[in-house]
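This is target17.pdb. It holds PDB, C-alpha atoms (C1' of nucleotides).
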MODEL        1
ATOM      1  CA  MET A1040     190.137-150.139-181.037  1.00  0.00           C
ATOM      2  CA  ALA A1041     190.355-148.335-177.793  1.00  0.00           C
ATOM      3  CA  ARG A1042     187.345-150.013-176.409  1.00  0.00           C
ATOM      4  CA  LYS A1043     185.999-148.181-173.462  1.00  0.00           C
ATOM      5  CA  ALA A1044     186.652-149.624-170.033  1.00  0.00           C
ATOM      6  CA  ALA A1045     183.986-151.490-168.158  1.00  0.00           C
ATOM      7  CA  GLY A1046     180.895-149.515-167.319  1.00  0.00           C
ATOM      8  CA  LYS A1047     180.194-147.769-164.070  1.00  0.00           C
ATOM      9  CA  PRO A1048     180.104-149.880-160.966  1.00  0.00           C
ATOM     10  CA  PRO A1049     176.706-150.536-159.420  1.00  0.00           C
ATOM     11  CA  GLU A1050     175.121-147.738-157.496  1.00  0.00           C
ATOM     12  CA  GLU A1051     175.782-149.385-154.169  1.00  0.00           C
ATOM     13  CA  ILE A1052     179.500-149.351-154.824  1.00  0.00           C
ATOM     14  CA  LEU A1053     179.406-145.689-155.743  1.00  0.00           C
ATOM     15  CA  LEU A1054     177.549-144.973-152.530  1.00  0.00           C
ATOM     16  CA  ASP A1055     180.251-146.816-150.651  1.00  0.00           C
ATOM     17  CA  TRP A1056     182.916-144.800-152.368  1.00  0.00           C
ATOM     18  CA  LYS A1057     181.112-141.575-151.616  1.00  0.00           C
ATOM     19  CA  ARG A1058     180.872-142.536-147.973  1.00  0.00           C
ATOM     20  CA  GLU A1059     184.583-143.212-147.866  1.00  0.00           C
ATOM     21  CA  GLN A1060     185.345-139.879-149.490  1.00  0.00           C
ATOM     22  CA  ALA A1061     183.106-138.042-147.084  1.00  0.00           C
ATOM     23  CA  SER A1062     184.674-139.751-144.130  1.00  0.00           C
ATOM     24  CA  LEU A1063     188.277-139.136-145.150  1.00  0.00           C
ATOM     25  CA  LYS A1064     187.534-135.586-146.219  1.00  0.00           C
ATOM     26  CA  ALA A1065     187.294-134.591-142.587  1.00  0.00           C
ATOM     27  CA  ARG A1066     191.014-135.251-142.250  1.00  0.00           C
ATOM     28  CA  VAL A1067     192.151-132.921-145.014  1.00  0.00           C
ATOM     29  CA  VAL A1068     194.362-130.052-143.881  1.00  0.00           C
ATOM     30  CA  ASP A1069     194.172-127.208-146.375  1.00  0.00           C
ATOM     31  CA  ARG A1070     196.866-124.953-144.991  1.00  0.00           C
ATOM     32  CA  ASP A1071     200.625-124.859-144.622  1.00  0.00           C
ATOM     33  CA  THR A1072     201.961-127.225-142.016  1.00  0.00           C
ATOM     34  CA  GLU A1073     205.688-127.106-142.818  1.00  0.00           C
ATOM     35  CA  ALA A1074     208.107-124.248-142.343  1.00  0.00           C
ATOM     36  CA  TRP A1075     209.480-124.389-145.887  1.00  0.00           C
ATOM     37  CA  GLN A1076     206.029-123.784-147.313  1.00  0.00           C
ATOM     38  CA  ARG A1077     206.035-120.260-145.964  1.00  0.00           C
ATOM     39  CA  ASP A1078     209.593-119.467-146.903  1.00  0.00           C
ATOM     40  CA  PRO A1079     209.893-117.204-149.959  1.00  0.00           C
ATOM     41  CA  ALA A1080     212.600-119.449-151.448  1.00  0.00           C
ATOM     42  CA  PHE A1081     211.181-122.677-150.021  1.00  0.00           C
ATOM     43  CA  SER A1082     214.376-123.073-148.100  1.00  0.00           C
ATOM     44  CA  GLY A1083     214.286-126.292-146.166  1.00  0.00           C
ATOM     45  CA  LEU A1084     212.676-128.046-149.113  1.00  0.00           C
ATOM     46  CA  GLN A1085     215.033-130.648-150.519  1.00  0.00           C
ATOM     47  CA  ARG A1086     212.916-133.353-152.124  1.00  0.00           C
ATOM     48  CA  VAL A1087     209.811-133.083-154.280  1.00  0.00           C
ATOM     49  CA  GLY A1088     207.957-136.126-155.529  1.00  0.00           C
ATOM     50  CA  GLY A1089     205.406-137.014-158.131  1.00  0.00           C
ATOM     51  CA  VAL A1090     203.115-139.962-158.720  1.00  0.00           C
ATOM     52  CA  ASP A1091     201.418-141.074-161.867  1.00  0.00           C
ATOM     53  CA  VAL A1092     199.703-144.013-163.469  1.00  0.00           C
ATOM     54  CA  SER A1093     200.523-144.236-167.151  1.00  0.00           C
ATOM     55  CA  PHE A1094     199.198-146.677-169.672  1.00  0.00           C
ATOM     56  CA  VAL A1095     201.285-149.033-171.670  1.00  0.00           C
ATOM     57  CA  LYS A1096     198.962-150.485-174.274  1.00  0.00           C
ATOM     58  CA  ASP A1097     195.344-149.828-175.074  1.00  0.00           C
ATOM     59  CA  ASP A1098     192.783-150.479-172.406  1.00  0.00           C
ATOM     60  CA  SER A1099     194.009-153.831-171.210  1.00  0.00           C
ATOM     61  CA  GLY A1100     194.253-152.473-167.704  1.00  0.00           C
ATOM     62  CA  SER A1101     197.988-152.871-167.900  1.00  0.00           C
ATOM     63  CA  ALA A1102     199.645-149.743-166.538  1.00  0.00           C
ATOM     64  CA  CYS A1103     202.744-148.411-164.870  1.00  0.00           C
ATOM     65  CA  ALA A1104     202.417-146.911-161.408  1.00  0.00           C
ATOM     66  CA  SER A1105     205.352-144.632-160.804  1.00  0.00           C
ATOM     67  CA  LEU A1106     206.847-142.602-158.019  1.00  0.00           C
ATOM     68  CA  VAL A1107     209.637-140.157-158.725  1.00  0.00           C
ATOM     69  CA  VAL A1108     211.635-138.101-156.252  1.00  0.00           C
ATOM     70  CA  LEU A1109     213.683-135.122-157.373  1.00  0.00           C
ATOM     71  CA  SER A1110     216.073-132.861-155.544  1.00  0.00           C
ATOM     72  CA  TYR A1111     214.945-129.310-154.948  1.00  0.00           C
ATOM     73  CA  PRO A1112     215.669-126.836-156.370  1.00  0.00           C
ATOM     74  CA  GLU A1113     217.881-128.673-158.862  1.00  0.00           C
ATOM     75  CA  LEU A1114     215.130-131.081-159.902  1.00  0.00           C
ATOM     76  CA  GLU A1115     217.528-133.934-160.421  1.00  0.00           C
ATOM     77  CA  VAL A1116     216.403-137.516-160.056  1.00  0.00           C
ATOM     78  CA  LEU A1117     217.038-139.052-156.648  1.00  0.00           C
ATOM     79  CA  TYR A1118     214.682-141.995-156.891  1.00  0.00           C
ATOM     80  CA  GLU A1119     212.552-143.653-159.514  1.00  0.00           C
ATOM     81  CA  ASP A1120     210.130-146.465-159.100  1.00  0.00           C
ATOM     82  CA  CYS A1121     207.887-147.853-161.781  1.00  0.00           C
ATOM     83  CA  ARG A1122     205.816-150.901-161.201  1.00  0.00           C
ATOM     84  CA  MET A1123     203.589-152.708-163.664  1.00  0.00           C
ATOM     85  CA  VAL A1124     200.088-153.100-162.323  1.00  0.00           C
ATOM     86  CA  THR A1125     196.723-154.280-163.509  1.00  0.00           C
ATOM     87  CA  LEU A1126     193.944-151.793-162.974  1.00  0.00           C
ATOM     88  CA  THR A1127     190.657-153.321-161.970  1.00  0.00           C
ATOM     89  CA  ALA A1128     188.286-150.478-161.181  1.00  0.00           C
ATOM     90  CA  PRO A1129     186.997-148.505-164.162  1.00  0.00           C
ATOM     91  CA  TYR A1130     187.581-144.810-164.547  1.00  0.00           C
ATOM     92  CA  VAL A1131     184.625-142.868-163.253  1.00  0.00           C
ATOM     93  CA  SER A1132     184.843-139.118-163.011  1.00  0.00           C
ATOM     94  CA  GLY A1133     184.875-138.181-159.371  1.00  0.00           C
ATOM     95  CA  PHE A1134     186.283-141.535-158.329  1.00  0.00           C
ATOM     96  CA  LEU A1135     189.708-141.567-159.909  1.00  0.00           C
ATOM     97  CA  ALA A1136     191.284-142.475-156.600  1.00  0.00           C
ATOM     98  CA  PHE A1137     189.547-145.818-156.443  1.00  0.00           C
ATOM     99  CA  ARG A1138     191.168-146.761-159.711  1.00  0.00           C
ATOM    100  CA  GLU A1139     194.702-145.541-159.154  1.00  0.00           C
ATOM    101  CA  LEU A1140     195.294-144.920-155.503  1.00  0.00           C
ATOM    102  CA  PRO A1141     196.074-148.368-154.102  1.00  0.00           C
ATOM    103  CA  PHE A1142     199.144-148.618-156.320  1.00  0.00           C
ATOM    104  CA  LEU A1143     200.337-145.143-155.483  1.00  0.00           C
ATOM    105  CA  VAL A1144     200.007-145.738-151.772  1.00  0.00           C
ATOM    106  CA  ASP A1145     201.955-148.973-152.173  1.00  0.00           C
ATOM    107  CA  ALA A1146     204.740-147.144-153.934  1.00  0.00           C
ATOM    108  CA  VAL A1147     204.972-144.599-151.142  1.00  0.00           C
ATOM    109  CA  GLN A1148     204.965-147.260-148.433  1.00  0.00           C
ATOM    110  CA  GLN A1149     207.679-149.174-150.209  1.00  0.00           C
ATOM    111  CA  LEU A1150     209.862-146.091-150.364  1.00  0.00           C
ATOM    112  CA  ARG A1151     209.152-145.406-146.716  1.00  0.00           C
ATOM    113  CA  GLN A1152     210.435-148.853-145.821  1.00  0.00           C
ATOM    114  CA  ARG A1153     213.404-149.120-148.111  1.00  0.00           C
ATOM    115  CA  GLU A1154     214.724-145.583-148.451  1.00  0.00           C
ATOM    116  CA  PRO A1155     213.146-143.440-145.775  1.00  0.00           C
ATOM    117  CA  ARG A1156     215.783-140.772-146.308  1.00  0.00           C
ATOM    118  CA  LEU A1157     214.485-140.223-149.807  1.00  0.00           C
ATOM    119  CA  MET A1158     210.904-139.638-148.777  1.00  0.00           C
ATOM    120  CA  PRO A1159     209.662-136.540-150.613  1.00  0.00           C
ATOM    121  CA  GLN A1160     208.447-133.592-148.561  1.00  0.00           C
ATOM    122  CA  VAL A1161     205.616-132.944-150.973  1.00  0.00           C
ATOM    123  CA  LEU A1162     203.931-134.916-153.735  1.00  0.00           C
ATOM    124  CA  PHE A1163     202.510-133.725-157.027  1.00  0.00           C
ATOM    125  CA  VAL A1164     199.519-135.744-158.117  1.00  0.00           C
ATOM    126  CA  ASP A1165     197.939-135.967-161.560  1.00  0.00           C
ATOM    127  CA  GLY A1166     194.373-134.877-160.939  1.00  0.00           C
ATOM    128  CA  ASN A1167     192.581-132.647-158.508  1.00  0.00           C
ATOM    129  CA  GLY A1168     192.557-132.070-154.789  1.00  0.00           C
ATOM    130  CA  VAL A1169     189.661-130.159-153.267  1.00  0.00           C
ATOM    131  CA  LEU A1170     188.598-129.046-156.744  1.00  0.00           C
ATOM    132  CA  HIS A1171     186.281-131.992-156.949  1.00  0.00           C
ATOM    133  CA  HIS A1172     182.614-132.996-156.964  1.00  0.00           C
ATOM    134  CA  ARG A1173     182.685-133.665-153.257  1.00  0.00           C
ATOM    135  CA  GLY A1174     185.799-131.699-152.360  1.00  0.00           C
ATOM    136  CA  PHE A1175     187.947-134.793-152.101  1.00  0.00           C
ATOM    137  CA  GLY A1176     189.915-135.603-155.239  1.00  0.00           C
ATOM    138  CA  VAL A1177     192.740-138.063-155.630  1.00  0.00           C
ATOM    139  CA  ALA A1178     195.348-135.606-154.330  1.00  0.00           C
ATOM    140  CA  CYS A1179     193.452-135.245-151.055  1.00  0.00           C
ATOM    141  CA  HIS A1180     192.939-138.958-150.858  1.00  0.00           C
ATOM    142  CA  LEU A1181     196.624-139.731-151.311  1.00  0.00           C
ATOM    143  CA  GLY A1182     197.582-137.020-148.852  1.00  0.00           C
ATOM    144  CA  VAL A1183     195.341-138.320-146.129  1.00  0.00           C
ATOM    145  CA  LEU A1184     196.397-141.933-146.601  1.00  0.00           C
ATOM    146  CA  THR A1185     200.134-141.163-146.652  1.00  0.00           C
ATOM    147  CA  ASP A1186     200.118-138.096-144.395  1.00  0.00           C
ATOM    148  CA  LEU A1187     202.266-136.284-146.957  1.00  0.00           C
ATOM    149  CA  PRO A1188     201.661-132.779-148.293  1.00  0.00           C
ATOM    150  CA  CYS A1189     200.038-133.206-151.708  1.00  0.00           C
ATOM    151  CA  ILE A1190     199.271-130.880-154.603  1.00  0.00           C
ATOM    152  CA  GLY A1191     196.638-131.654-157.208  1.00  0.00           C
ATOM    153  CA  VAL A1192     197.635-130.705-160.739  1.00  0.00           C
ATOM    154  CA  ALA A1193     195.072-131.244-163.491  1.00  0.00           C
ATOM    155  CA  LYS A1194     195.456-130.500-167.174  1.00  0.00           C
ATOM    156  CA  LYS A1195     191.771-129.806-167.719  1.00  0.00           C
ATOM    157  CA  LEU A1196     189.236-127.903-165.689  1.00  0.00           C
ATOM    158  CA  LEU A1197     186.921-130.174-163.806  1.00  0.00           C
ATOM    159  CA  GLN A1198     183.582-128.469-164.219  1.00  0.00           C
ATOM    160  CA  VAL A1199     182.081-128.703-160.782  1.00  0.00           C
ATOM    161  CA  ASP A1200     180.293-126.341-158.430  1.00  0.00           C
ATOM    162  CA  GLY A1201     179.465-123.885-161.167  1.00  0.00           C
ATOM    163  CA  LEU A1202     182.943-123.821-162.696  1.00  0.00           C
ATOM    164  CA  GLU A1203     182.778-123.831-166.466  1.00  0.00           C
ATOM    165  CA  ASN A1204     185.292-123.815-169.235  1.00  0.00           C
ATOM    166  CA  ASN A1205     183.296-121.135-171.007  1.00  0.00           C
ATOM    167  CA  ALA A1206     184.077-117.945-172.869  1.00  0.00           C
ATOM    168  CA  LEU A1207     184.696-115.967-169.700  1.00  0.00           C
ATOM    169  CA  HIS A1208     187.063-118.596-168.427  1.00  0.00           C
ATOM    170  CA  LYS A1209     188.936-118.544-171.702  1.00  0.00           C
ATOM    171  CA  GLU A1210     189.212-114.798-171.520  1.00  0.00           C
ATOM    172  CA  LYS A1211     190.804-115.043-168.133  1.00  0.00           C
ATOM    173  CA  ILE A1212     193.275-117.534-169.528  1.00  0.00           C
ATOM    174  CA  GLN A1213     194.215-115.027-172.197  1.00  0.00           C
ATOM    175  CA  LEU A1214     195.125-112.567-169.476  1.00  0.00           C
ATOM    176  CA  LEU A1215     197.739-114.886-168.034  1.00  0.00           C
ATOM    177  CA  LYS A1216     200.808-113.433-169.660  1.00  0.00           C
ATOM    178  CA  ALA A1217     203.821-114.841-167.882  1.00  0.00           C
ATOM    179  CA  GLY A1218     204.735-118.030-166.128  1.00  0.00           C
ATOM    180  CA  GLY A1219     203.462-117.816-162.571  1.00  0.00           C
ATOM    181  CA  ASP A1220     200.385-115.782-163.446  1.00  0.00           C
ATOM    182  CA  SER A1221     197.201-117.307-162.106  1.00  0.00           C
ATOM    183  CA  PHE A1222     193.606-116.599-161.251  1.00  0.00           C
ATOM    184  CA  PRO A1223     191.269-118.102-158.682  1.00  0.00           C
ATOM    185  CA  LEU A1224     188.657-120.721-159.467  1.00  0.00           C
ATOM    186  CA  MET A1225     185.690-119.778-157.384  1.00  0.00           C
ATOM    187  CA  GLY A1226     182.943-122.263-156.830  1.00  0.00           C
ATOM    188  CA  GLY A1227     179.306-121.333-156.596  1.00  0.00           C
ATOM    189  CA  SER A1228     179.550-121.463-152.845  1.00  0.00           C
ATOM    190  CA  GLY A1229     181.999-118.560-152.950  1.00  0.00           C
ATOM    191  CA  THR A1230     184.894-120.772-151.983  1.00  0.00           C
ATOM    192  CA  VAL A1231     188.129-120.728-153.955  1.00  0.00           C
ATOM    193  CA  LEU A1232     188.623-124.314-155.067  1.00  0.00           C
ATOM    194  CA  GLY A1233     191.899-123.867-156.882  1.00  0.00           C
ATOM    195  CA  ARG A1234     193.788-121.654-159.294  1.00  0.00           C
ATOM    196  CA  ALA A1235     194.423-121.733-163.005  1.00  0.00           C
ATOM    197  CA  LEU A1236     198.164-121.288-163.425  1.00  0.00           C
ATOM    198  CA  ARG A1237     200.257-120.402-166.418  1.00  0.00           C
ATOM    199  CA  SER A1238     203.060-122.724-165.485  1.00  0.00           C
ATOM    200  CA  HIS A1239     205.657-121.470-167.941  1.00  0.00           C
ATOM    201  CA  ASP A1240     206.257-118.409-170.080  1.00  0.00           C
ATOM    202  CA  HIS A1241     205.795-120.375-173.264  1.00  0.00           C
ATOM    203  CA  SER A1242     202.829-122.395-172.170  1.00  0.00           C
ATOM    204  CA  THR A1243     199.462-121.174-173.322  1.00  0.00           C
ATOM    205  CA  LYS A1244     197.254-123.760-171.706  1.00  0.00           C
ATOM    206  CA  PRO A1245     197.003-123.433-167.943  1.00  0.00           C
ATOM    207  CA  LEU A1246     197.342-125.978-165.186  1.00  0.00           C
ATOM    208  CA  TYR A1247     194.595-126.378-162.628  1.00  0.00           C
ATOM    209  CA  VAL A1248     196.187-126.448-159.210  1.00  0.00           C
ATOM    210  CA  SER A1249     194.325-127.346-156.059  1.00  0.00           C
ATOM    211  CA  VAL A1250     195.161-128.245-152.497  1.00  0.00           C
ATOM    212  CA  GLY A1251     195.522-131.914-151.776  1.00  0.00           C
ATOM    213  CA  HIS A1252     196.685-131.978-148.193  1.00  0.00           C
ATOM    214  CA  LYS A1253     198.904-130.116-145.736  1.00  0.00           C
ATOM    215  CA  ILE A1254     199.683-127.122-147.930  1.00  0.00           C
ATOM    216  CA  SER A1255     197.991-123.828-148.698  1.00  0.00           C
ATOM    217  CA  LEU A1256     196.758-123.039-152.171  1.00  0.00           C
ATOM    218  CA  GLU A1257     199.174-120.127-152.415  1.00  0.00           C
ATOM    219  CA  ALA A1258     202.193-122.269-151.587  1.00  0.00           C
ATOM    220  CA  ALA A1259     200.936-125.024-153.881  1.00  0.00           C
ATOM    221  CA  VAL A1260     200.691-122.658-156.835  1.00  0.00           C
ATOM    222  CA  ARG A1261     204.038-121.039-156.130  1.00  0.00           C
ATOM    223  CA  LEU A1262     205.784-124.394-155.800  1.00  0.00           C
ATOM    224  CA  THR A1263     204.126-125.776-158.904  1.00  0.00           C
ATOM    225  CA  HIS A1264     205.422-122.865-160.910  1.00  0.00           C
ATOM    226  CA  SER A1265     208.819-123.338-159.349  1.00  0.00           C
ATOM    227  CA  CYS A1266     208.937-126.972-160.486  1.00  0.00           C
ATOM    228  CA  CYS A1267     207.945-126.329-164.099  1.00  0.00           C
ATOM    229  CA  LYS A1268     210.644-126.346-166.741  1.00  0.00           C
ATOM    230  CA  PHE A1269     207.848-127.010-169.199  1.00  0.00           C
ATOM    231  CA  ARG A1270     204.097-127.013-168.859  1.00  0.00           C
ATOM    232  CA  ILE A1271     203.915-130.029-166.571  1.00  0.00           C
ATOM    233  CA  PRO A1272     205.809-130.027-163.275  1.00  0.00           C
ATOM    234  CA  GLU A1273     209.009-132.046-163.534  1.00  0.00           C
ATOM    235  CA  PRO A1274     208.081-134.648-160.923  1.00  0.00           C
ATOM    236  CA  VAL A1275     205.072-135.772-162.957  1.00  0.00           C
ATOM    237  CA  ARG A1276     206.231-134.918-166.437  1.00  0.00           C
ATOM    238  CA  GLN A1277     207.764-138.020-167.891  1.00  0.00           C
ATOM    239  CA  PRO A1278     207.215-141.103-165.805  1.00  0.00           C
ATOM    240  CA  PRO A1279     210.024-143.653-165.873  1.00  0.00           C
ATOM    241  CA  SER A1280     209.740-146.678-168.128  1.00  0.00           C
ATOM    242  CA  PRO A1281     209.269-150.148-166.712  1.00  0.00           C
ATOM    243  CA  GLY A1282     212.444-151.361-168.393  1.00  0.00           C
TER
ATOM    244  C1'  DG B1410     173.718-132.428-182.978  1.00  0.00           C
ATOM    245  C1'  DC B1411     175.045-135.508-178.674  1.00  0.00           C
ATOM    246  C1'  DG B1412     177.814-133.575-174.400  1.00  0.00           C
ATOM    247  C1'  DA B1413     179.105-131.337-170.381  1.00  0.00           C
ATOM    248  C1'  DC B1414     183.251-136.757-167.254  1.00  0.00           C
ATOM    249  C1'  DA B1415     190.377-135.278-163.448  1.00  0.00           C
ATOM    250  C1'  DG B1416     192.803-139.811-165.495  1.00  0.00           C
TER
ATOM    251  C1'  DA C 726     194.072-141.850-170.694  1.00  0.00           C
ATOM    252  C1'  DT C 727     194.500-141.819-176.210  1.00  0.00           C
ATOM    253  C1'  DC C 728     193.241-141.254-180.949  1.00  0.00           C
ATOM    254  C1'  DT C 729     193.686-136.470-183.415  1.00  0.00           C
ATOM    255  C1'  DT C 730     191.927-132.072-184.634  1.00  0.00           C
ATOM    256  C1'  DG C 731     191.221-127.487-185.182  1.00  0.00           C
ATOM    257  C1'  DT C 732     189.985-121.554-184.045  1.00  0.00           C
ATOM    258  C1'  DC C 733     181.653-121.841-181.647  1.00  0.00           C
ATOM    259  C1'  DG C 734     178.179-122.203-180.054  1.00  0.00           C
ATOM    260  C1'  DC C 735     174.315-121.492-173.543  1.00  0.00           C
TER
ENDMDL
END
Output the structure of this file as structure tokens.
Amino acid sequence: MARKAAGKPPEEILLDWKREQASLKARVVDRDTEAWQRDPAFSGLQRVGGVDVSFVKDDSGSACASLVVLSYPELEVLYEDCRMVTLTAPYVSGFLAFRELPFLVDAVQQLRQREPRLMPQVLFVDGNGVLHHRGFGVACHLGVLTDLPCIGVAKKLLQVDGLENNALHKEKIQLLKAGGDSFPLMGGSGTVLGRALRSHDHSTKPLYVSVGHKISLEAAVRLTHSCCKFRIPEPVRQPPSPG
DNA sequence: GCGACAG
DNA sequence: ATCTTGTCGC
């Protein structure tokens, strides 16, 4: 009986959340800030991280907030943290960060304190960055709060700003033939909000990559492809178990 | 016909 | 997310 989570918060809360998004959005940096991001082989990049909130049971609110750090380019585990948490805020499209982010920020801060040498140089985030209703998805939010480069990786197209998962979109997906192939997702405003990426040769369903913070879209897409042994980038593929 | 809604 | 399913469509 996967009962649906509690209904939407009152309008005043949503307005608050929107205000916070708008305010933090001004701090997003949507270009490369690190030398390795411009290097063809990403040389200088040694640690890539991923965060995720995965559910244990039905909708009890019981979940596992995890942070994984892998070596690059080997993609071997350097650090794993998985903490049981109780989610309070409901899931509302456009406000994912307010449900999951506090726990992810905690995980990053804890790593920063205990094992600063293992701090990842970039974080993959489940969900979108600037490909978002108000241009400030969870990957931007996490990036701004932690000051780490972040990449938004979503498994479904968020249909905002005129973007639609329609026949034309599906045709474009068909044209992605090899891992690494991608096409731009252009919003109605003429801005490129992200790219649909075929993340692996044998993956037919694309990933939707968008800038979170402190990285260009081009580098984000290239690195995402580079971290995919399968469809989902290794740092966010299989979160560690609590036990 | 019941929707467009990342996770 | 998670159940599970199938090949559409404004």
(message) Applying the PyMOL selection byres ((chain B) within 9 of (chain A)) to the file I just gave you, which residues come out? Please list them as a list in words.
(response)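 Checked against the file, the PyMOL selection byres ((chain B) within 9 of (chain A)) matches DA1413, DC1414, DA1415 and DG1416 of chain B.
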Give me the chain C side of the contact with chain A, cut-off 9 Å, one line per residue showing its nearest atom pair and distance in Å at one decimal, counting only C-alpha atoms (C1' of nucleotides), sorted by chain and residue number, as CSV.
residue,atom,partner,partner_atom,distance
C:DA726,C1',A:Phe1094,CA,7.1
C:DT727,C1',A:Ala1041,CA,7.9
C:DC728,C1',A:Ala1041,CA,8.3
(message) Using all atoms listed in the file, list the residues that have an atom at most 12 Å from (215.8, -141.9, -148.0), coordinates as in the file, as a PyMOL selection string.
(response) chain A and resi 1085-1086+1108-1110+1117-1118+1147+1149-1160
(message) At a cut-off of 12 Å around the point (208.0, -117.9, -174.4) (file coordinates), what residues fall inside when counting all atoms listed in the file? I'd like the answer as a PyMOL selection string.
(response) chain A and resi 1216-1218+1237-1243+1268-1270
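Selection result for the displayed file, with the PyMOL selection byres ((chain A and resi 1072) around 6) as criterion, is Asp1071, Glu1073 and Lys1253 of chain A.
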Test item: axis-aligned box, all listed atoms of chain C, 8 Å on each side, centre and edges in Å rounded to one decimal, as JSON:
{"center_x": 184.4, "center_y": -131.7, "center_z": -177.9, "size_x": 36.2, "size_y": 36.4, "size_z": 30.5}
(request) Quick one: everything within 10 Å of segment 1184-1187 of chain A, counting all atoms listed in the file, minus sequence neighbours fewer than 6 positions away in the same chain. Send it as a PyMOL selection string. (result) chain A and resi 1063+1066-1068+1140-1141+1143-1145+1147-1148+1151+1158-1162+1251-1254
(request) Between atom CA of Glu1050 of chain A and atom CA of Val1090 of chain A, measure the distance and give it in Å to one decimal. (result) 29.1 Å
(message) Could you tell me how far atom CA of Val1275 of chain A sits from atom CA of Lys1064 of chain A, in Å to one decimal place?
(response)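 A separation of 24.2 Å between them.
Here atom CA of Ser1082 of chain A and atom CA of Glu1115 of chain A stand 16.7 Å from one another.
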